[in-house]
Structures are given as C-alpha cells and as structure tokens.
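Novice: Sending over a structure as structure tokens; questions will come in a sec.
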Amino acid sequence: MLNAIDKELLKTVADLEDLPKGAYNIRKDGKLLARATSANIDIETYEGGKGIIVKIKPNTVNESVHIPVILSQAGLFDVVYNRFEIGEGSDVTIIAGCGIHCGGPDPEGHAGIHEFIVGRKAKVKYIEKHFATGSGMGKRTLNPTTKVFLAEGAQVEMELMQIGGVDEAHRSNEITLGAGSVALITERVMTDGEQKAESKNTIILEGPSSRANMVSRSVIKGNSVQNFYAVMEARAPAFGHIECDAIIMDNGRNETIPSLKALHPEAELSHEASIGKIAGEQLMKLMSLGLTYDEAVGRIIQGFLR
Amino acid sequence: MLTLKDLYFSVPVEVDGTREERVIVDHINFTFEEGKFYAITGPNGSGKTTLARLVMGINQPVEGRIIFQGRDITPLSITERANLGIAYSFQHPARFKGITFRDLLSIAAGTDDESMILALLRRVGICSFSFLDLPVDAKLSGGEIKKIELATTIARNPRLAIYDEPDTGIDLWTINPMVRLLKREQQERGTTTIVVSHNRAFLEAADVVLIIVKGKIVYEGKIEGALQMLTDMSVCSYRHCDKCVGEEDAECYR
C-alpha cells in the first residue's frame, strides 16, 4: 500500500517505518490512504472529506495518534481541516507532519488547519514536522494554521519543525489559555536557497495563572528569508515568555518582532530575541576539540535546532 | 616538546587619530619540555593569554615560528593542532544553545560510549551524572562551565594541555582539587601542562614559573625565586590604566 517514496516521507515526518500502532490517519494526495481507531480514540471524516475529527475520550492516557499527510502528485494543493477534541484528564501524543515529494515542474502544496480543543486537566504533546524533497523544480508550499484552546488546567506541548526543502511557508499559531493552563511551544525552522518562511503567533493568556513559553529557533542559509512575529497578550495575572533566536548564514535575512501586551497589572511577560551569525567562540571551542570548521558549524546548527 | 621561536604578535590600535602597532607578544623564545608543568603569570594585559592562543592557533603570530614535537605548526589550523595533541581550556568558555555537556565530552573523546563518558566524569572528579545532559548555555554558573571546560580539555587526552585562567569563577575550596587534578594528569599521563594563572596554588604546583611583562618573559624558574619579583609587582603597575578599576583591579597580581 505504501510505495518507497511514501515510506521515505513517512519516516522523515513521522518517524514511521510502516503503519503505526494505535490510532492513525494517513492522507495521501488529498485522499484517505489508511486509518485505524482505538477503543478511546475515534477518527471521523469531516464533512466533505476535507479533513478529520479526532475525538479522544476523557482520561485516555499513554496513547498516541499519527496523522501524517504525504503529497507526491504534481500540481496538487491539498487543504485539510482537522479538529481534535481531547477529553478531560487525558494524556496523549499527536504526531502530525507533512511530507512533499516533488518530482516535476508543477507546484505542490498543503495547507493544514488544525484546531485543538483541550479539555480540563488534559495533557497533549503535539509534534508536527514539515519536509519536502524530490528533484522536480515545482514550488513546494506548506501553510499550516494551528488553533489551540486550553481549558482550565490543561497543558499543551507543541513541537513544530520545518526541516528542509519547503520553498514557501506561512505558519499561523493561535493559542488561547484558560485558567491555570500551560502552553510550551517550540518552533524550529531551517531555510536555504531562495526559500521563504513566515511564522505568526498569537498567544492569549486569558485565564488567571496561565503560563506560556514560546521558543523559536531559526537557521537561515543561502538567500532565504525568515520572519517571525509573536504577540503575547495577558488578560489576567499570568506569566509568558518568548525566546526567539535566529542564526544567519550566507545572505540570509530575518525579521523578528516579539510583542508583549499586558492588559492586567499583575501580568508578567518577557522576551529575549537575538539574530546573528554563529558565534566565533563556539566555532573555536569545537575546533579545539578536533572538529573541522564545517563539522563545527554542523554540530552547532544541529544543537540549536534540537 | 614545544618551542617558540622569535614569536611576535601585535595589533593595530588608534591613538589620538593615528594608527600604531601595540605589541602584545614581543619576540619570545622559549622551549617547553615534555611532561613538565608550567605556570605563566604576570600583570593583566602582559600577553599571557595571547601567547597561549598563539600556541593553539586561535591567533596567528605576525612573526616567528611554533615548533611542536619537531614539527612547524605555525601554519596549521586550530583543528589540525588539536588533532596533533594540543588541547585548550578557554578562560571564558563558549556557551551554546542545545549542545549538552555530554555532546561536548563525546566530541572531545571521540566516543559516545556511556561507560567511557562515565569514566571520564570520574577521572575529572564530577560526581553528579545529572550534569551530563544539561545544555552548556547561559544558565550554567561560572564555576559549572569552567568544570565542563576542564573536563573537555582532559577528555582529549592531550600531549600538551593549555589552561587559560582555569580558576576564573571557581570557588576557593574547589581550587586545590583542581590543582591536584591537573598535577595528576601531568604525573600519570605525562601531559605537558601550561596554566595561565594569577593563583598562587597553580604557581606552587608548577615545575617552572614564567613571568611575562609587556610581552616578554622576565622570569623563568621556581616559585621561590619569583616571590620577590611578584611582591614588587603587587603594587599594581596598571593603576593608571583606565581599565584597571573595580573587578578588573582585583584581578591584578598583588
């Protein structure tokens, strides 16, 4: 059922050697390829077939859902709307990801709109990897939108990665935090050549004692451009931090704008941002441990994007 | 094992609008003998650190040659010198994002084998294994990062180990164990050791003390013979230097 290209894409974006255990939904070229549900996790097709609804029963723990999307059909721009309803007290991992294989001159792309409704005291780990490959010249576009609503005491940990080959990406993340909820977001993006990536983030600390931490790491090689925007708004006594670092190599360009809005006098918000080349002292240290210049650059980037 | 031949290093500076050369290392000739422990001291700005950096290849000399185990290493890169057996401990170690102590140790030792890494920790006297997976970033204290720096230097199993002010940021009661560690490495493995330091504990541990003033070696010998000279220097000759204030002042040898 899975061909060699599918398998390679799945391995890269979802660490899958074959069909996963537990619940999964694999979408290929805009159509359902394989699906499995479990006793606690149900997957339904959204009206019109343009996406899925994943329903996780309350108190489901130690289960995972894989929902990768793979594209290898020239000229296709696949748009999906996925909705995740995570029951109270659950503790689950959701692994998404999109792999594009472009073998021809026609463009291919994917826009995923993911909405998470996280119930009271539920914990979700969401991992999303984006990757494109293939020898074709067609433009590969990925435009993910993620909307998260955290109920009281809920927790989400998001790892968002764009690991290479994507020509254009417009990412949008919107997170609204209820009382005592926690959001930890890590975004890692590497661009090269003429690629462009933009990330827009809006984090609303709605409930008292909510906490959010956003970490963005960008590596910008070749003539590529990456722009990062983050707005963190506290409407209650809440805590938020944004950390955005960009490493520029070659002729890369970057704009980073973290923005903090305190609408409550007891809000505590902070940010740190840096843009620059790899520090000379880091290179010297690794070279003094026997690595060549290129190996040292590779290790520093690898660690930075870890 | 290491010979400095007529080593000269200067930097261009601008004084009152005119460019001139500031001499940092002034035609130094010296041979370091295999297996000995050297301590280099002298006032701030005398050229100690630059001399150490020239040996590691971090800076290139303007003139002169560096001969290591019979080979002219002057044109070699930092990497090539590292692979010949020279290791360097930075005074202000680099801080990374995402790279852990374990990563640095395994790069230094050329292995990620758990038992080898644990053996290295024991060898350098770090008991806390939880330390291993800490990122080597800005959150570490000055003392912690210096211990990591020392461990990665020792993990190279170097023929020549250079330590630039290893006691910076280290608490007083950690200095003696550190001196013992470097002495043990010298005695058990025959590591030729060069320590740049103002700390008396290192000067006393050294087989040879070198005092550098204004880019020249002005003393070579045992600590006992250096004491008078060090005492004389303890009146800070850099008092009128505008850098020599506050914490900087406290670092002057006195």
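Ordered as shown in the structure tokens, chains take letters A, B, and onward, while each chain numbers its residues from 1 and ligands are numbered from 1 in the order shown.
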What residues in chain A lie within 8 Å of chain B, counting only C-alpha atoms, written as an mmCIF file with C-alpha atoms, in the first residue's frame?
Specialist:
data_model
loop_
_atom_site.group_PDB
_atom_site.id
_atom_site.type_symbol
_atom_site.label_atom_id
_atom_site.label_comp_id
_atom_site.auth_asym_id
_atom_site.auth_seq_id
_atom_site.Cartn_x
_atom_site.Cartn_y
_atom_site.Cartn_z
ATOM 1 C CA GLU A 281 33.896 31.381 20.243
ATOM 2 C CA GLN A 282 31.535 28.426 19.704
ATOM 3 C CA MET A 284 36.750 27.845 18.130
ATOM 4 C CA LYS A 285 35.731 25.649 21.037
ATOM 5 C CA LEU A 286 34.516 22.823 18.800
ATOM 6 C CA MET A 287 37.548 23.134 16.518
ATOM 7 C CA SER A 288 39.790 22.906 19.573
ATOM 8 C CA LEU A 289 38.049 19.569 20.246
ATOM 9 C CA GLY A 290 39.185 18.327 16.829
ATOM 10 C CA LEU A 291 36.236 19.192 14.568
ATOM 11 C CA THR A 292 36.833 20.926 11.230
ATOM 12 C CA TYR A 293 35.180 24.288 10.615
ATOM 13 C CA ILE A 300 26.170 23.986 16.335
ATOM 14 C CA GLY A 303 22.178 21.507 18.622
ATOM 15 C CA PHE A 304 20.439 24.824 18.001
ATOM 16 C CA LEU A 305 17.568 23.127 16.155
ATOM 17 C CA ARG A 306 17.351 20.197 18.556
#
Novice: As a PyMOL selection string, please: the residues near His271 in chain A (cut-off 6 Å, only C-alpha atoms, same-chain neighbours under 3 positions excluded).
Specialist: chain A and resi 241-243
Novice: Just the residues within 12 Å of Gln195 in chain A, please, counting only C-alpha atoms, with nothing from its chain fewer than 4 positions along; format it as a PyMOL selection string.
Specialist: chain A and resi 132+139-142+162+164-170+189-191+219-227+251-253
Novice: Using only C-alpha atoms, determine which residues lie at most 6 Å from Met161 in chain A, disregarding the query and same-chain residues fewer than 3 positions distant; provide the list as a list in words.
Specialist: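 Residues near the query, excluding close chain neighbours: Lys129, Glu187, Arg188 and Val189 of chain A.
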Novice: What is the CA of Thr31 in chain B-CA of Val196 in chain B distance in Å, reported with one decimal?
Specialist: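 Taking CA of Thr31 in chain B and CA of Val196 in chain B, their separation equals 16.2 Å.
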Novice: I want to know what sits within 12 Å of Gln69 in chain B, based on only C-alpha atoms, with residues of the same chain fewer than 3 positions away left out; could you give that as a PyMOL selection string?
Specialist: chain B and resi 1-4+31-34+66+72-73+81+84-86+159-160+192
Novice: Would you save the residues of that selection, restricted to N, CA and C atoms, as a compact mmCIF listing (two decimals), in the first residue's frame?
Specialist:
# COMPACT_ATOMS: atom_id res chain seq x y z
N MET B 1 59.43 19.90 23.84
CA MET B 1 58.29 19.42 23.04
C MET B 1 57.58 20.57 22.32
N LEU B 2 57.74 21.77 22.89
CA LEU B 2 57.15 22.95 22.24
C LEU B 2 58.17 24.08 22.28
N THR B 3 58.52 24.56 21.09
CA THR B 3 59.50 25.64 21.04
C THR B 3 58.89 26.86 20.36
N LEU B 4 59.01 28.00 21.03
CA LEU B 4 58.56 29.26 20.44
C LEU B 4 59.81 29.97 19.93
N THR B 31 61.54 27.20 25.17
CA THR B 31 61.23 25.79 24.92
C THR B 31 60.56 25.18 26.15
N PHE B 32 59.39 24.60 25.94
CA PHE B 32 58.67 23.88 27.00
C PHE B 32 59.09 22.42 26.90
N GLU B 33 59.47 21.85 28.02
CA GLU B 33 59.96 20.46 27.99
C GLU B 33 58.82 19.48 28.23
N GLU B 34 58.96 18.33 27.60
CA GLU B 34 57.97 17.26 27.67
C GLU B 34 57.63 16.90 29.13
N ILE B 66 56.30 28.34 15.60
CA ILE B 66 55.95 27.49 16.74
C ILE B 66 56.26 26.05 16.33
N ASP B 72 56.88 22.11 12.53
CA ASP B 72 56.48 23.52 12.50
C ASP B 72 54.96 23.59 12.33
N ILE B 73 54.27 24.01 13.40
CA ILE B 73 52.81 24.03 13.33
C ILE B 73 52.26 25.45 13.07
N ARG B 81 45.96 21.41 14.91
CA ARG B 81 46.75 21.39 16.15
C ARG B 81 46.07 20.50 17.20
N LEU B 84 46.86 17.03 16.60
CA LEU B 84 48.25 16.66 16.92
C LEU B 84 48.43 16.46 18.42
N GLY B 85 47.41 16.82 19.21
CA GLY B 85 47.50 16.57 20.66
C GLY B 85 47.59 17.81 21.53
N ILE B 86 47.20 18.97 20.96
CA ILE B 86 47.17 20.18 21.79
C ILE B 86 45.72 20.45 22.19
N ARG B 159 48.65 15.73 24.53
CA ARG B 159 50.09 15.71 24.85
C ARG B 159 50.43 17.03 25.54
N LEU B 160 49.80 18.11 25.05
CA LEU B 160 50.02 19.43 25.62
C LEU B 160 48.67 20.03 25.99
N THR B 192 52.17 17.44 29.16
CA THR B 192 52.83 18.73 29.33
C THR B 192 51.73 19.75 29.59
Novice: Given the choices B:Val213, B:Ile145, B:Val124, B:Met229, which gets closest to Ile28 in chain B if the distance is worked out from only C-alpha atoms?
Specialist: B:Val213
Novice: Would you list the contacts of range 31-36 of chain A as a list in words, taking every protein, DNA or RNA residue within 9 Å and counting only C-alpha atoms, but skipping same-chain residues closer than 2 positions in sequence?
Specialist: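 Returned residues: Met1, Leu2, Leu19, Lys21, Gly22, Ala23, Tyr24, Asn25, Ile26, Arg27, Lys28, Asp29, Ser38, Asp42, Ile43, Gly49, Lys50 and Ile67 of chain A.
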Novice: Identify, with DSSP run on backbone atoms, the residues in range 63-300 of chain A assigned to strand (DSSP E or B), and express the list as number ranges by chain.
Specialist: A: 63-71, 77-86, 91-101, 108-118, 123-133, 140-142, 145-150, 155-164, 168-177, 182-191, 196-205, 211-220, 225-234, 239-248, 253-262, 268-276
Novice: Could you list, as a ChimeraX atom specification, every residue within 6 Å of Thr93 in chain A, counting only C-alpha atoms and ignoring same-chain residues fewer than 3 positions away?
Specialist: /A:64,124-126
Novice: Can you tell me how far CA of Val195 in chain B sits from CA of Glu165 in chain B, in Å to one decimal?
Specialist: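 Computed distance, CA of Val195 in chain B to CA of Glu165 in chain B, equals 6.9 Å.
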Novice: Could you work out how far CA of Pro158 in chain B lies from CA of Leu51 in chain B, giving the answer in Å with one decimal?
Specialist: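 Pair CA of Leu51 in chain B / CA of Pro158 in chain B returns 18.4 Å.
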Novice: Just list as an NGL selection string whatever in range 138-193 of chain B DSSP marks as helix (DSSP H, G or I).
Specialist: :B and (142-155 or 172-189)
Novice: Would you export the selected residues with N, CA and C atoms as a JSON list (two decimals), in the first residue's frame, please?
Specialist:
[["chain", "number", "residue", "atom", "x", "y", "z"],
["B", 142, "GLY", "N", 29.26, 30.28, 36.54],
["B", 142, "GLY", "CA", 30.65, 30.41, 36.10],
["B", 142, "GLY", "C", 31.49, 29.20, 36.50],
["B", 143, "GLY", "N", 31.25, 28.69, 37.71],
["B", 143, "GLY", "CA", 32.01, 27.54, 38.19],
["B", 143, "GLY", "C", 31.68, 26.28, 37.42],
["B", 144, "GLU", "N", 30.39, 26.08, 37.15],
["B", 144, "GLU", "CA", 29.97, 24.87, 36.42],
["B", 144, "GLU", "C", 30.59, 24.84, 35.02],
["B", 145, "ILE", "N", 30.54, 25.98, 34.34],
["B", 145, "ILE", "CA", 31.03, 25.97, 32.96],
["B", 145, "ILE", "C", 32.55, 25.77, 32.92],
["B", 146, "LYS", "N", 33.23, 26.24, 33.96],
["B", 146, "LYS", "CA", 34.68, 26.03, 33.98],
["B", 146, "LYS", "C", 35.02, 24.56, 34.22],
["B", 147, "LYS", "N", 34.21, 23.89, 35.02],
["B", 147, "LYS", "CA", 34.44, 22.45, 35.25],
["B", 147, "LYS", "C", 34.23, 21.68, 33.94],
["B", 148, "ILE", "N", 33.21, 22.07, 33.19],
["B", 148, "ILE", "CA", 32.93, 21.43, 31.91],
["B", 148, "ILE", "C", 34.09, 21.67, 30.95],
["B", 149, "GLU", "N", 34.58, 22.90, 30.96],
["B", 149, "GLU", "CA", 35.69, 23.27, 30.08],
["B", 149, "GLU", "C", 36.93, 22.40, 30.38],
["B", 150, "LEU", "N", 37.18, 22.26, 31.68],
["B", 150, "LEU", "CA", 38.33, 21.46, 32.11],
["B", 150, "LEU", "C", 38.16, 20.00, 31.70],
["B", 151, "ALA", "N", 36.95, 19.50, 31.88],
["B", 151, "ALA", "CA", 36.68, 18.09, 31.56],
["B", 151, "ALA", "C", 36.85, 17.83, 30.06],
["B", 152, "THR", "N", 36.38, 18.76, 29.22],
["B", 152, "THR", "CA", 36.51, 18.54, 27.78],
["B", 152, "THR", "C", 37.97, 18.61, 27.34],
["B", 153, "THR", "N", 38.75, 19.42, 28.04],
["B", 153, "THR", "CA", 40.18, 19.51, 27.71],
["B", 153, "THR", "C", 40.87, 18.19, 28.06],
["B", 154, "ILE", "N", 40.58, 17.69, 29.25],
["B", 154, "ILE", "CA", 41.20, 16.43, 29.70],
["B", 154, "ILE", "C", 40.72, 15.25, 28.84],
["B", 155, "ALA", "N", 39.46, 15.31, 28.41],
["B", 155, "ALA", "CA", 38.91, 14.22, 27.59],
["B", 155, "ALA", "C", 39.65, 14.04, 26.26],
["B", 172, "LEU", "N", 36.75, 29.14, 46.12],
["B", 172, "LEU", "CA", 38.07, 28.94, 46.72],
["B", 172, "LEU", "C", 38.35, 27.48, 47.06],
["B", 173, "TRP", "N", 37.32, 26.78, 47.60],
["B", 173, "TRP", "CA", 37.57, 25.41, 48.05],
["B", 173, "TRP", "C", 37.60, 24.41, 46.90],
["B", 174, "THR", "N", 37.40, 24.88, 45.67],
["B", 174, "THR", "CA", 37.50, 23.96, 44.53],
["B", 174, "THR", "C", 38.86, 24.08, 43.85],
["B", 175, "ILE", "N", 39.60, 25.13, 44.22],
["B", 175, "ILE", "CA", 40.87, 25.35, 43.51],
["B", 175, "ILE", "C", 41.89, 24.24, 43.79],
["B", 176, "ASN", "N", 42.02, 23.85, 45.07],
["B", 176, "ASN", "CA", 43.02, 22.82, 45.37],
["B", 176, "ASN", "C", 42.72, 21.48, 44.70],
["B", 177, "PRO", "N", 41.46, 20.99, 44.72],
["B", 177, "PRO", "CA", 41.18, 19.77, 43.95],
["B", 177, "PRO", "C", 41.50, 19.94, 42.46],
["B", 178, "MET", "N", 41.28, 21.13, 41.94],
["B", 178, "MET", "CA", 41.57, 21.37, 40.53],
["B", 178, "MET", "C", 43.07, 21.28, 40.25],
["B", 179, "VAL", "N", 43.85, 21.88, 41.16],
["B", 179, "VAL", "CA", 45.31, 21.81, 41.01],
["B", 179, "VAL", "C", 45.75, 20.35, 41.07],
["B", 180, "ARG", "N", 45.17, 19.59, 42.02],
["B", 180, "ARG", "CA", 45.55, 18.17, 42.17],
["B", 180, "ARG", "C", 45.21, 17.38, 40.90],
["B", 181, "LEU", "N", 44.05, 17.72, 40.31],
["B", 181, "LEU", "CA", 43.64, 17.03, 39.09],
["B", 181, "LEU", "C", 44.64, 17.28, 37.96],
["B", 182, "LEU", "N", 45.02, 18.53, 37.77],
["B", 182, "LEU", "CA", 45.95, 18.84, 36.69],
["B", 182, "LEU", "C", 47.33, 18.22, 36.95],
["B", 183, "LYS", "N", 47.73, 18.20, 38.23],
["B", 183, "LYS", "CA", 49.02, 17.57, 38.57],
["B", 183, "LYS", "C", 48.96, 16.06, 38.30],
["B", 184, "ARG", "N", 47.80, 15.44, 38.65],
["B", 184, "ARG", "CA", 47.67, 14.01, 38.44],
["B", 184, "ARG", "C", 47.73, 13.68, 36.94],
["B", 185, "GLU", "N", 47.08, 14.50, 36.14],
["B", 185, "GLU", "CA", 47.12, 14.30, 34.68],
["B", 185, "GLU", "C", 48.56, 14.41, 34.17],
["B", 186, "GLN", "N", 49.29, 15.37, 34.74],
["B", 186, "GLN", "CA", 50.69, 15.55, 34.33],
["B", 186, "GLN", "C", 51.52, 14.34, 34.75],
["B", 187, "GLN", "N", 51.34, 13.92, 36.01],
["B", 187, "GLN", "CA", 52.21, 12.87, 36.54],
["B", 187, "GLN", "C", 51.87, 11.49, 36.00],
["B", 188, "GLU", "N", 50.58, 11.19, 35.89],
["B", 188, "GLU", "CA", 50.19, 9.84, 35.46],
["B", 188, "GLU", "C", 50.24, 9.66, 33.95],
["B", 189, "ARG", "N", 49.98, 10.72, 33.21],
["B", 189, "ARG", "CA", 49.90, 10.59, 31.76],
["B", 189, "ARG", "C", 51.00, 11.34, 31.03]]
Novice: Looking at only C-alpha atoms, which of A:Cys98, A:Phe116, A:Gly136, A:Gly104 is the one that sits closest to Val54 in chain A?
Specialist: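 Among the listed residues, the smallest separation from Val54 in chain A belongs to A:Phe116.
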Novice: Find, counting only C-alpha atoms, the residue in A:Asn213, A:Thr186, A:Gln73, A:Asn201 that gets nearest to Leu160 in chain A.
Specialist: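 Ranking A:Asn213, A:Thr186, A:Gln73, A:Asn201 by distance to Leu160 in chain A, first place goes to A:Thr186.
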